[in-house]
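Pasting start-v8.cif here (mmCIF, C-alpha atoms (C1' of nucleotides)):
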```cif
data_structure
#
loop_
_atom_site.label_atom_id
_atom_site.label_comp_id
_atom_site.auth_asym_id
_atom_site.auth_seq_id
_atom_site.Cartn_x
_atom_site.Cartn_y
_atom_site.Cartn_z
CA MET A 56 131.68 156.56 76.27
CA ASN A 57 135.30 155.50 76.14
CA ILE A 58 138.86 156.48 76.86
CA THR A 59 140.82 157.96 73.99
CA GLN A 60 143.61 156.18 72.23
CA ALA A 61 146.03 158.71 73.71
CA THR A 62 144.97 157.65 77.20
CA ASP A 63 145.44 154.00 76.35
CA TYR A 64 148.94 154.77 75.07
CA ALA A 65 149.66 156.77 78.22
CA PHE A 66 148.58 153.86 80.40
CA ARG A 67 151.01 151.62 78.62
CA ALA A 68 153.87 154.10 78.60
CA VAL A 69 153.58 154.78 82.28
CA LEU A 70 153.22 151.11 83.10
CA TYR A 71 156.33 150.37 81.12
CA LEU A 72 158.24 153.00 83.05
CA ALA A 73 156.96 151.42 86.25
CA SER A 74 158.44 148.13 85.13
CA GLN A 75 161.92 149.62 84.83
CA PRO A 76 164.41 150.06 87.68
CA ALA A 77 163.36 153.13 89.68
CA GLY A 78 164.88 156.39 88.50
CA GLU A 79 166.29 154.92 85.30
CA MET A 80 165.74 157.16 82.30
CA VAL A 81 164.12 155.37 79.39
CA GLU A 82 164.24 156.81 75.89
CA ALA A 83 160.99 157.46 74.07
CA GLN A 84 161.90 155.10 71.28
CA PHE A 85 162.23 152.19 73.69
CA ILE A 86 158.81 152.88 75.13
CA ALA A 87 157.34 153.28 71.67
CA ARG A 88 158.88 150.07 70.40
CA GLN A 89 158.02 147.99 73.46
CA GLN A 90 154.46 149.17 73.70
CA VAL A 91 153.86 149.45 69.94
CA VAL A 92 152.88 153.11 70.10
CA PRO A 93 153.61 155.56 67.26
CA MET A 94 156.79 157.35 68.37
CA ARG A 95 155.68 160.84 67.34
CA PHE A 96 152.37 160.42 69.04
CA LEU A 97 154.01 159.25 72.21
CA LEU A 98 156.30 162.27 72.21
CA LYS A 99 153.24 164.45 71.95
CA ILE A 100 151.44 163.05 74.96
CA MET A 101 154.41 162.83 77.33
CA PRO A 102 154.41 166.56 78.21
CA SER A 103 150.90 166.17 79.65
CA LEU A 104 152.15 163.44 81.96
CA ILE A 105 155.04 165.65 83.00
CA LYS A 106 152.80 168.63 83.75
CA ALA A 107 150.67 166.35 85.90
CA GLY A 108 153.72 165.34 87.91
CA ILE A 109 153.45 161.71 86.89
CA VAL A 110 156.59 161.51 84.80
CA LYS A 111 159.85 163.41 84.68
CA SER A 112 162.10 163.88 81.68
CA GLN A 113 165.67 164.64 80.84
CA ARG A 114 166.91 165.99 77.56
CA GLY A 115 170.11 165.35 75.74
CA VAL A 116 172.31 162.30 75.48
CA GLY A 117 171.34 159.66 77.99
CA GLY A 118 168.03 161.43 78.55
CA GLY A 119 164.57 159.98 78.52
CA TYR A 120 161.60 159.52 80.84
CA ALA A 121 161.05 158.06 84.27
CA LEU A 122 158.23 158.03 86.81
CA ALA A 123 158.22 161.13 88.96
CA ARG A 124 156.80 159.27 91.94
CA PRO A 125 156.49 155.69 93.14
CA ALA A 126 154.27 153.35 91.13
CA GLU A 127 152.14 152.85 94.23
CA GLU A 128 151.20 156.52 94.16
CA ILE A 129 150.06 156.70 90.54
CA ASN A 130 146.66 155.37 89.55
CA LEU A 131 144.66 155.08 86.35
CA LEU A 132 142.54 158.12 87.14
CA ASP A 133 145.66 160.26 87.53
CA VAL A 134 146.86 159.25 84.09
CA LEU A 135 143.48 159.61 82.44
CA VAL A 136 142.94 163.08 83.87
CA ALA A 137 146.45 164.11 82.84
CA ILE A 138 145.65 163.27 79.23
CA GLU A 139 141.93 163.97 78.85
CA GLY A 140 141.21 166.35 81.67
CA PRO A 141 138.59 165.71 84.34
CA ILE A 142 135.80 163.23 83.70
CA PHE A 143 132.35 164.69 83.18
CA LEU A 144 129.77 162.10 82.25
CA ASN A 145 127.41 164.84 81.15
CA ARG A 146 127.97 168.50 80.46
CA CYS A 147 125.52 169.50 83.17
CA LEU A 148 128.13 168.09 85.55
CA ILE A 149 130.73 170.56 84.28
CA ASP A 150 128.48 173.54 84.73
CA GLU A 151 124.82 173.48 85.54
CA SER A 152 124.17 176.27 83.08
CA TYR A 153 124.73 173.73 80.32
CA CYS A 154 121.43 172.11 81.25
CA SER A 155 118.92 173.38 78.74
CA ARG A 156 116.21 172.81 81.33
CA GLN A 157 118.08 174.87 83.92
CA ALA A 158 117.02 172.26 86.39
CA ALA A 159 120.30 170.65 87.33
CA PRO A 160 120.25 170.75 91.14
CA GLU A 161 116.86 169.12 91.55
CA CYS A 162 117.14 166.91 88.45
CA LEU A 163 117.33 163.27 89.45
CA VAL A 164 119.11 162.30 86.24
CA HIS A 165 121.75 164.84 87.12
CA GLN A 166 122.10 163.34 90.58
CA ALA A 167 122.21 159.80 89.27
CA LEU A 168 124.93 160.68 86.78
CA ALA A 169 126.89 162.46 89.48
CA ASN A 170 126.81 159.33 91.62
CA ILE A 171 127.75 157.07 88.73
CA GLN A 172 130.62 159.37 87.83
CA LYS A 173 131.92 159.34 91.39
CA SER A 174 131.86 155.60 91.40
CA LEU A 175 133.65 155.44 88.06
CA GLU A 176 136.33 157.77 89.32
CA SER A 177 136.96 155.75 92.43
CA ASP A 178 137.11 152.57 90.37
CA LEU A 179 139.82 154.12 88.22
CA GLU A 180 141.56 155.38 91.31
CA SER A 181 141.61 151.94 92.85
CA TYR A 182 144.13 150.63 90.33
CA SER A 183 147.68 151.83 90.94
CA LEU A 184 150.53 151.15 88.56
CA ALA A 185 152.00 148.91 91.21
CA ASP A 186 148.79 146.87 91.22
CA LEU A 187 148.88 146.54 87.48
CA LEU A 188 152.52 145.60 87.17
CA GLY A 189 153.39 142.06 86.38
CA SER A 190 152.29 141.15 82.89
CA GLN A 191 153.89 144.05 81.09
CA ASP A 192 157.48 142.92 81.13
CA GLU A 193 157.23 139.36 80.03
CA GLU A 194 157.54 139.45 76.31
CA SER A 195 160.71 141.51 75.88
CA MET B 295 134.64 160.02 78.61
CA ASN B 296 131.03 161.15 78.59
CA ILE B 297 127.55 160.44 77.36
CA THR B 298 126.45 162.22 74.22
CA GLN B 299 123.92 164.98 74.16
CA ALA B 300 121.57 162.65 72.31
CA THR B 301 121.69 160.24 75.24
CA ASP B 302 120.99 163.03 77.69
CA TYR B 303 117.98 164.06 75.61
CA ALA B 304 116.84 160.44 75.45
CA PHE B 305 117.04 160.14 79.23
CA ARG B 306 114.81 163.14 79.59
CA ALA B 307 112.36 162.11 76.90
CA VAL B 308 111.90 158.68 78.34
CA LEU B 309 111.62 160.01 81.87
CA TYR B 310 108.97 162.42 80.74
CA LEU B 311 107.02 159.59 79.17
CA ALA B 312 107.36 157.68 82.41
CA SER B 313 105.77 160.59 84.23
CA GLN B 314 102.66 160.44 82.06
CA PRO B 315 99.68 158.15 82.64
CA ALA B 316 100.61 154.67 81.39
CA GLY B 317 99.80 153.99 77.76
CA GLU B 318 98.96 157.62 76.97
CA MET B 319 100.43 158.78 73.70
CA VAL B 320 102.43 161.98 74.00
CA GLU B 321 103.25 164.07 70.96
CA ALA B 322 106.88 164.81 70.18
CA GLN B 323 106.34 168.51 70.48
CA PHE B 324 105.13 168.20 74.05
CA ILE B 325 108.19 166.21 75.00
CA ALA B 326 110.44 168.66 73.20
CA ARG B 327 108.84 171.68 74.82
CA GLN B 328 108.75 170.22 78.33
CA GLN B 329 112.30 168.94 78.26
CA VAL B 330 113.72 171.80 76.19
CA VAL B 331 115.07 169.53 73.49
CA PRO B 332 115.29 170.58 69.82
CA MET B 333 112.19 169.06 68.24
CA ARG B 334 113.91 167.82 65.08
CA PHE B 335 116.69 166.27 67.05
CA LEU B 336 114.27 164.51 69.32
CA LEU B 337 112.41 163.10 66.33
CA LYS B 338 115.71 161.75 65.08
CA ILE B 339 116.60 159.83 68.18
CA MET B 340 113.18 158.37 68.95
CA PRO B 341 113.43 155.58 66.34
CA SER B 342 116.46 154.21 68.20
CA LEU B 343 114.41 153.96 71.36
CA ILE B 344 111.64 152.22 69.44
CA LYS B 345 114.01 149.69 67.89
CA ALA B 346 115.32 148.93 71.36
CA GLY B 347 111.80 148.21 72.57
CA ILE B 348 111.84 151.02 75.08
CA VAL B 349 109.24 153.22 73.44
CA LYS B 350 106.33 152.66 71.09
CA SER B 351 104.89 155.14 68.64
CA GLN B 352 101.73 155.86 66.79
CA ARG B 353 101.38 158.01 63.71
CA GLY B 354 98.61 160.27 62.63
CA VAL B 355 96.16 162.41 64.52
CA GLY B 356 96.24 161.64 68.22
CA GLY B 357 99.51 159.81 67.76
CA GLY B 358 102.74 160.20 69.66
CA TYR B 359 105.03 158.20 71.91
CA ALA B 360 104.63 156.11 75.03
CA LEU B 361 106.79 153.71 76.99
CA ALA B 362 106.71 150.21 75.57
CA ARG B 363 107.20 148.62 78.98
CA PRO B 364 106.81 149.58 82.63
CA ALA B 365 109.12 152.27 83.98
CA GLU B 366 110.43 149.75 86.50
CA GLU B 367 111.79 147.66 83.66
CA ILE B 368 113.72 150.40 81.86
CA ASN B 369 117.07 151.56 83.21
CA LEU B 370 119.67 154.12 82.20
CA LEU B 371 121.92 151.53 80.59
CA ASP B 372 119.06 150.38 78.34
CA VAL B 373 118.54 153.92 77.11
CA LEU B 374 122.22 154.68 76.69
CA VAL B 375 122.85 151.50 74.71
CA ALA B 376 119.80 152.19 72.54
CA ILE B 377 121.27 155.54 71.53
CA GLU B 378 125.04 155.02 71.58
CA GLY B 379 125.42 151.29 71.24
CA PRO B 380 127.27 149.14 73.75
CA ILE B 381 129.81 150.71 76.08
CA PHE B 382 133.44 149.91 75.35
CA LEU B 383 135.83 151.80 77.57
CA ASN B 384 138.69 150.90 75.26
CA ARG B 385 138.75 149.51 71.77
CA CYS B 386 140.62 146.43 72.91
CA LEU B 387 137.40 145.57 74.73
CA ILE B 388 135.47 145.55 71.46
CA ASP B 389 137.91 143.27 69.73
CA GLU B 390 141.26 142.20 71.03
CA SER B 391 142.76 142.59 67.58
CA TYR B 392 142.53 146.35 68.11
CA CYS B 393 145.34 146.05 70.65
CA SER B 394 148.48 147.12 68.83
CA ARG B 395 150.46 145.01 71.27
CA GLN B 396 148.32 141.96 70.50
CA ALA B 397 148.47 141.23 74.19
CA ALA B 398 144.90 141.75 75.28
CA PRO B 399 144.12 138.57 77.18
CA GLU B 400 147.11 138.72 79.51
CA CYS B 401 147.25 142.54 79.65
CA LEU B 402 146.38 143.75 83.14
CA VAL B 403 145.26 147.14 81.85
CA HIS B 404 142.83 145.31 79.63
CA GLN B 405 141.55 143.35 82.60
CA ALA B 406 141.31 146.42 84.82
CA LEU B 407 139.34 148.31 82.18
CA ALA B 408 137.07 145.33 81.70
CA ASN B 409 136.28 145.31 85.41
CA ILE B 410 135.75 149.05 85.55
CA GLN B 411 133.45 148.85 82.57
CA LYS B 412 131.39 146.09 84.16
CA SER B 413 131.00 148.16 87.26
CA LEU B 414 129.99 151.22 85.25
CA GLU B 415 127.41 149.19 83.39
CA SER B 416 125.87 147.84 86.55
CA ASP B 417 125.78 151.31 88.05
CA LEU B 418 123.83 152.54 85.05
CA GLU B 419 121.61 149.49 85.25
CA SER B 420 120.80 150.16 88.86
CA TYR B 421 118.76 153.27 88.06
CA SER B 422 115.34 152.49 86.60
CA LEU B 423 113.02 155.17 85.29
CA ALA B 424 110.75 154.43 88.20
CA ASP B 425 113.62 155.17 90.59
CA LEU B 426 114.31 158.45 88.87
CA LEU B 427 110.75 159.66 88.67
CA GLY B 428 109.64 162.43 90.94
CA SER B 429 111.41 165.65 90.10
CA GLN B 430 110.62 165.71 86.42
CA ASP B 431 107.01 166.75 86.58
CA GLU B 432 107.04 169.62 88.96
CA GLU B 433 107.53 172.69 86.87
CA SER B 434 104.85 172.26 84.22
"C1'" DA C 126 183.23 174.81 71.15
"C1'" DA C 127 181.18 171.36 68.23
"C1'" DT C 128 178.26 167.72 67.73
"C1'" DA C 129 175.00 164.28 68.09
"C1'" DA C 130 171.41 162.61 70.94
"C1'" DA C 131 167.63 163.31 73.24
"C1'" DC C 132 163.14 165.90 74.46
"C1'" DT C 133 159.88 170.31 73.37
"C1'" DA C 134 156.77 173.31 71.03
"C1'" DT C 135 153.96 174.45 67.19
"C1'" DA C 136 151.57 173.76 63.55
"C1'" DC C 137 149.28 171.16 60.35
"C1'" DC C 138 146.13 167.65 58.34
"C1'" DA C 139 142.63 164.03 57.40
"C1'" DA C 140 139.03 161.35 59.15
"C1'" DA C 141 135.42 160.56 62.28
"C1'" DA C 142 132.02 161.89 65.59
"C1'" DG C 143 128.82 165.16 67.41
"C1'" DG C 144 124.93 168.14 67.06
"C1'" DG C 145 121.57 169.79 64.42
"C1'" DT C 146 118.45 171.04 60.13
"C1'" DA C 147 115.59 170.02 55.94
"C1'" DA C 148 112.58 167.79 52.83
"C1'" DA C 149 109.94 164.24 51.16
"C1'" DC C 150 107.23 160.39 52.68
"C1'" DA C 151 103.80 157.19 55.14
"C1'" DA C 152 100.16 156.29 58.29
"C1'" DT C 153 95.91 157.48 60.61
"C1'" DA C 154 91.77 159.84 62.78
"C1'" DT C 155 88.15 162.65 61.46
"C1'" DA D 54 90.02 164.23 51.42
"C1'" DT D 55 92.76 166.32 54.59
"C1'" DA D 56 95.31 167.74 58.36
"C1'" DT D 57 98.14 165.71 61.80
"C1'" DT D 58 101.70 163.11 63.40
"C1'" DG D 59 105.72 160.05 63.10
"C1'" DT D 60 109.61 158.03 59.54
"C1'" DT D 61 113.39 158.11 56.50
"C1'" DT D 62 117.18 159.89 54.35
"C1'" DA D 63 120.28 163.15 53.41
"C1'" DC D 64 122.89 167.04 54.33
"C1'" DC D 65 125.83 170.39 56.87
"C1'" DC D 66 128.92 172.55 60.05
"C1'" DT D 67 131.94 172.22 64.01
"C1'" DT D 68 134.82 169.84 67.22
"C1'" DT D 69 137.55 166.00 68.51
"C1'" DT D 70 140.69 162.45 67.49
"C1'" DG D 71 144.76 160.41 65.80
"C1'" DG D 72 148.69 161.22 63.65
"C1'" DT D 73 152.71 163.62 61.07
"C1'" DA D 74 156.16 167.33 60.18
"C1'" DT D 75 159.36 170.90 61.28
"C1'" DA D 76 162.08 173.71 63.79
"C1'" DG D 77 164.07 174.43 68.24
"C1'" DT D 78 166.30 173.60 72.96
"C1'" DT D 79 169.00 171.03 76.27
"C1'" DT D 80 172.85 168.14 77.53
"C1'" DA D 81 176.73 164.55 77.57
"C1'" DT D 82 180.66 163.78 75.23
"C1'" DT D 83 184.67 164.82 72.56
#
```

Could I get this structure in the form of structure tokens?
Amino acid sequence: MNITQATDYAFRAVLYLASQPAGEMVEAQFIARQQVVPMRFLLKIMPSLIKAGIVKSQRGVGGGYALARPAEEINLLDVLVAIEGPIFLNRCLIDESYCSRQAAPECLVHQALANIQKSLESDLESYSLADLLGSQDEES
Amino acid sequence: MNITQATDYAFRAVLYLASQPAGEMVEAQFIARQQVVPMRFLLKIMPSLIKAGIVKSQRGVGGGYALARPAEEINLLDVLVAIEGPIFLNRCLIDESYCSRQAAPECLVHQALANIQKSLESDLESYSLADLLGSQDEES
DNA sequence: AATAAACTATACCAAAAGGGTAAACAATAT
DNA sequence: ATATTGTTTACCCTTTTGGTATAGTTTATT
């Protein structure tokens, strides 16, 4: 019951980009150094953020990463889903056939978990990068 | 970002016990059969529920399991914690020294995750076994 | 065109967690 | 005594996680 380390790193990377002047390309090594994330690992997770339309990249000299949309329009759920895929508190919420009792629709545990998951998702959604900005930039 | 299968099984086991006449000992094999849980696996997770004071057991002929307290006083968080241990959305919430940036207290991601976790916990707490009872007993 | 500086794509690996099975043991009612 | 039921411990296989390595592609600059 937790987020993965990759998601935590992604949160930080994306928040760091949000703290930079809009549109400015930031090299991976700066992000890695600032946020104390293993460089190679960071490079591995960035493509997921790009595919999700959260970040854009440019190769070659002077290249790097930048947010693909305004910090106000990116929230924690977006980033988490980009890295881990959709949240499913229980596998019966992915597909009811996973329920060994084959009782998903009328199962009250199923319904309770569905509600709890919805609430968790909207909690994550309620924090945008813009909301979170502020404490990330202070120690450089 | 999900509950384990063991927790799902525990939910069902405990809910099944809640559906039985109070204080009546139910054999593991009945629980396993009713809830379609692998018998051996069920036997493995029951001790965790006992240690947490959720279930009591009796050995020997006529033995089995029963709830250790009223269904009203057992909620989903109790059961989840008994099986998986406490929820920590991120490892920096277990111990701030896990934060590679060593910035936990003033980190707004940290604070956001702490809030989200609290909300998740109280959502889980809000469902007691008594609340959930009703649809579990119909198909026997 | 050459080159160096970036990101990209695969593949690989070790450790941990997840999901389950097995066997020997301990308690208890009859 | 004995059969029944839970307990304990250990084991095993698979998947996920966290991370590293290597080769390749794009691009600004000279």

Chain and number of each residue from the PyMOL selection byres ((chain B) within 6 of (chain A)), as a VMD selection string: chain B and resid 295 to 297 330 382 to 384 394 to 395 402 426

Answer key for the PyMOL selection byres ((chain D) within 7 of (chain A)), residues as a list of chain:residue names: D:DG72, D:DT79, D:DT80, D:DA81

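For chain C, the residues close to chain B, meaning within 12 Å and counting all atoms listed in the file, are C:DA142, C:DG143, C:DG144, C:DG145, C:DT146, C:DA147, C:DA151, C:DA152, C:DT153, C:DA154, C:DT155.
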
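Note that the spacing between atom C1' of DA76 of chain D and atom CA of Leu122 of chain A amounts to 28.1 Å.
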
Write out the coordinates of chain B as a compact mmCIF listing (two decimals) with C-alpha atoms, in the coordinates of the input after a least-squares overlay onto chain A built on all ordered Cα pairs.
```
# COMPACT_ATOMS: atom_id res chain seq x y z
CA MET B 295 131.67 156.54 76.30
CA ASN B 296 135.31 155.49 76.16
CA ILE B 297 138.86 156.48 76.87
CA THR B 298 140.84 157.94 74.00
CA GLN B 299 143.63 156.15 72.26
CA ALA B 300 146.03 158.69 73.73
CA THR B 301 144.98 157.64 77.22
CA ASP B 302 145.45 153.98 76.36
CA TYR B 303 148.94 154.76 75.09
CA ALA B 304 149.65 156.77 78.24
CA PHE B 305 148.59 153.85 80.42
CA ARG B 306 151.02 151.62 78.64
CA ALA B 307 153.87 154.11 78.61
CA VAL B 308 153.58 154.78 82.29
CA LEU B 309 153.23 151.11 83.11
CA TYR B 310 156.33 150.38 81.12
CA LEU B 311 158.23 153.01 83.06
CA ALA B 312 156.96 151.45 86.25
CA SER B 313 158.44 148.14 85.16
CA GLN B 314 161.91 149.64 84.84
CA PRO B 315 164.40 150.08 87.68
CA ALA B 316 163.36 153.15 89.68
CA GLY B 317 164.87 156.42 88.52
CA GLU B 318 166.29 154.95 85.31
CA MET B 319 165.73 157.17 82.31
CA VAL B 320 164.10 155.38 79.40
CA GLU B 321 164.23 156.82 75.90
CA ALA B 322 160.98 157.48 74.08
CA GLN B 323 161.88 155.11 71.32
CA PHE B 324 162.22 152.21 73.71
CA ILE B 325 158.81 152.90 75.17
CA ALA B 326 157.32 153.28 71.71
CA ARG B 327 158.87 150.08 70.43
CA GLN B 328 158.01 148.00 73.49
CA GLN B 329 154.44 149.19 73.72
CA VAL B 330 153.86 149.47 69.97
CA VAL B 331 152.88 153.12 70.13
CA PRO B 332 153.61 155.58 67.29
CA MET B 333 156.78 157.35 68.40
CA ARG B 334 155.66 160.84 67.38
CA PHE B 335 152.35 160.42 69.07
CA LEU B 336 153.98 159.24 72.25
CA LEU B 337 156.28 162.26 72.25
CA LYS B 338 153.20 164.44 71.98
CA ILE B 339 151.42 163.06 74.98
CA MET B 340 154.39 162.83 77.34
CA PRO B 341 154.39 166.56 78.21
CA SER B 342 150.88 166.15 79.65
CA LEU B 343 152.14 163.45 81.96
CA ILE B 344 155.04 165.66 83.00
CA LYS B 345 152.78 168.63 83.74
CA ALA B 346 150.66 166.36 85.90
CA GLY B 347 153.71 165.34 87.90
CA ILE B 348 153.45 161.72 86.90
CA VAL B 349 156.59 161.53 84.80
CA LYS B 350 159.86 163.43 84.67
CA SER B 351 162.09 163.89 81.67
CA GLN B 352 165.65 164.63 80.81
CA ARG B 353 166.92 165.93 77.50
CA GLY B 354 170.11 165.23 75.69
CA VAL B 355 172.32 162.19 75.46
CA GLY B 356 171.33 159.59 78.02
CA GLY B 357 168.05 161.37 78.56
CA GLY B 358 164.55 159.98 78.52
CA TYR B 359 161.60 159.52 80.84
CA ALA B 360 161.05 158.06 84.28
CA LEU B 361 158.24 158.05 86.80
CA ALA B 362 158.21 161.15 88.95
CA ARG B 363 156.79 159.29 91.94
CA PRO B 364 156.48 155.71 93.15
CA ALA B 365 154.26 153.38 91.13
CA GLU B 366 152.14 152.86 94.24
CA GLU B 367 151.20 156.52 94.17
CA ILE B 368 150.06 156.71 90.54
CA ASN B 369 146.65 155.36 89.56
CA LEU B 370 144.67 155.07 86.35
CA LEU B 371 142.54 158.11 87.14
CA ASP B 372 145.67 160.26 87.54
CA VAL B 373 146.86 159.24 84.09
CA LEU B 374 143.48 159.60 82.44
CA VAL B 375 142.93 163.07 83.87
CA ALA B 376 146.45 164.11 82.84
CA ILE B 377 145.65 163.25 79.23
CA GLU B 378 141.93 163.95 78.85
CA GLY B 379 141.19 166.35 81.66
CA PRO B 380 138.59 165.70 84.33
CA ILE B 381 135.80 163.22 83.70
CA PHE B 382 132.35 164.70 83.18
CA LEU B 383 129.77 162.10 82.26
CA ASN B 384 127.41 164.85 81.15
CA ARG B 385 127.96 168.50 80.46
CA CYS B 386 125.53 169.50 83.17
CA LEU B 387 128.14 168.09 85.55
CA ILE B 388 130.73 170.56 84.27
CA ASP B 389 128.48 173.55 84.70
CA GLU B 390 124.82 173.47 85.52
CA SER B 391 124.18 176.27 83.06
CA TYR B 392 124.73 173.72 80.30
CA CYS B 393 121.42 172.13 81.26
CA SER B 394 118.91 173.41 78.73
CA ARG B 395 116.20 172.81 81.31
CA GLN B 396 118.08 174.89 83.88
CA ALA B 397 117.03 172.28 86.38
CA ALA B 398 120.30 170.66 87.32
CA PRO B 399 120.26 170.78 91.10
CA GLU B 400 116.87 169.13 91.54
CA CYS B 401 117.16 166.91 88.44
CA LEU B 402 117.37 163.26 89.46
CA VAL B 403 119.14 162.30 86.25
CA HIS B 404 121.77 164.86 87.13
CA GLN B 405 122.12 163.35 90.58
CA ALA B 406 122.22 159.79 89.27
CA LEU B 407 124.94 160.67 86.77
CA ALA B 408 126.89 162.46 89.47
CA ASN B 409 126.83 159.32 91.60
CA ILE B 410 127.76 157.06 88.72
CA GLN B 411 130.62 159.35 87.83
CA LYS B 412 131.93 159.33 91.39
CA SER B 413 131.87 155.58 91.40
CA LEU B 414 133.66 155.41 88.05
CA GLU B 415 136.32 157.76 89.32
CA SER B 416 136.95 155.73 92.42
CA ASP B 417 137.12 152.56 90.37
CA LEU B 418 139.82 154.11 88.22
CA GLU B 419 141.56 155.37 91.33
CA SER B 420 141.63 151.93 92.85
CA TYR B 421 144.15 150.62 90.32
CA SER B 422 147.69 151.84 90.95
CA LEU B 423 150.54 151.15 88.57
CA ALA B 424 152.01 148.90 91.21
CA ASP B 425 148.79 146.87 91.22
CA LEU B 426 148.89 146.54 87.47
CA LEU B 427 152.53 145.60 87.15
CA GLY B 428 153.43 142.06 86.31
CA SER B 429 152.29 141.18 82.83
CA GLN B 430 153.87 144.07 81.03
CA ASP B 431 157.46 142.93 81.05
CA GLU B 432 157.24 139.38 79.94
CA GLU B 433 157.60 139.45 76.21
CA SER B 434 160.72 141.55 75.76
```

Ground truth for the PyMOL selection byres ((chain B and resi 320) around 7), written as a VMD selection string: chain B and resid 318 to 319 321 to 322 324 358 to 360

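For the atom pair formed by atom CA of Ile86 of chain A and atom CA of Tyr71 of chain A, the distance is 7.0 Å, given to one decimal.
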
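Here atom CA of Gln314 of chain B and atom C1' of DT57 of chain D stand 21.4 Å from one another.
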
Shell around DA139 of chain C at 12 Å using all atoms listed in the file, local window under 4 positions removed, as a VMD selection string: chain D and resid 70 to 73

Take every atom of segment 354-364 of chain B listed in the file, pad by 8 Å on each side, and give me the axis-aligned box centre and edge lengths in Å, one decimal, as JSON.
```
{"center_x": 101.7, "center_y": 155.5, "center_z": 72.6, "size_x": 27.0, "size_y": 29.8, "size_z": 36.0}
```

Polymer residues at most 12 Å from DT61 of chain D, all atoms listed in the file, same-chain spacing of 2 or more positions, as a VMD selection string: (chain B and resid 337 to 338 341) or (chain C and resid 148 to 151) or (chain D and resid 59 63)

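Near (153.3, 167.7, 82.4), the residues inside the 12 Å limit, counting all atoms listed in the file, come to Leu98, Lys99, Ile100, Met101, Pro102, Ser103, Leu104, Ile105, Lys106, Ala107, Gly108, Ile109, Val110, Lys111, Ser112, Tyr120, Leu122, Ala123, Asp133, Val134, Val136, Ala137 and Ile138 of chain A; DT133 of chain C.
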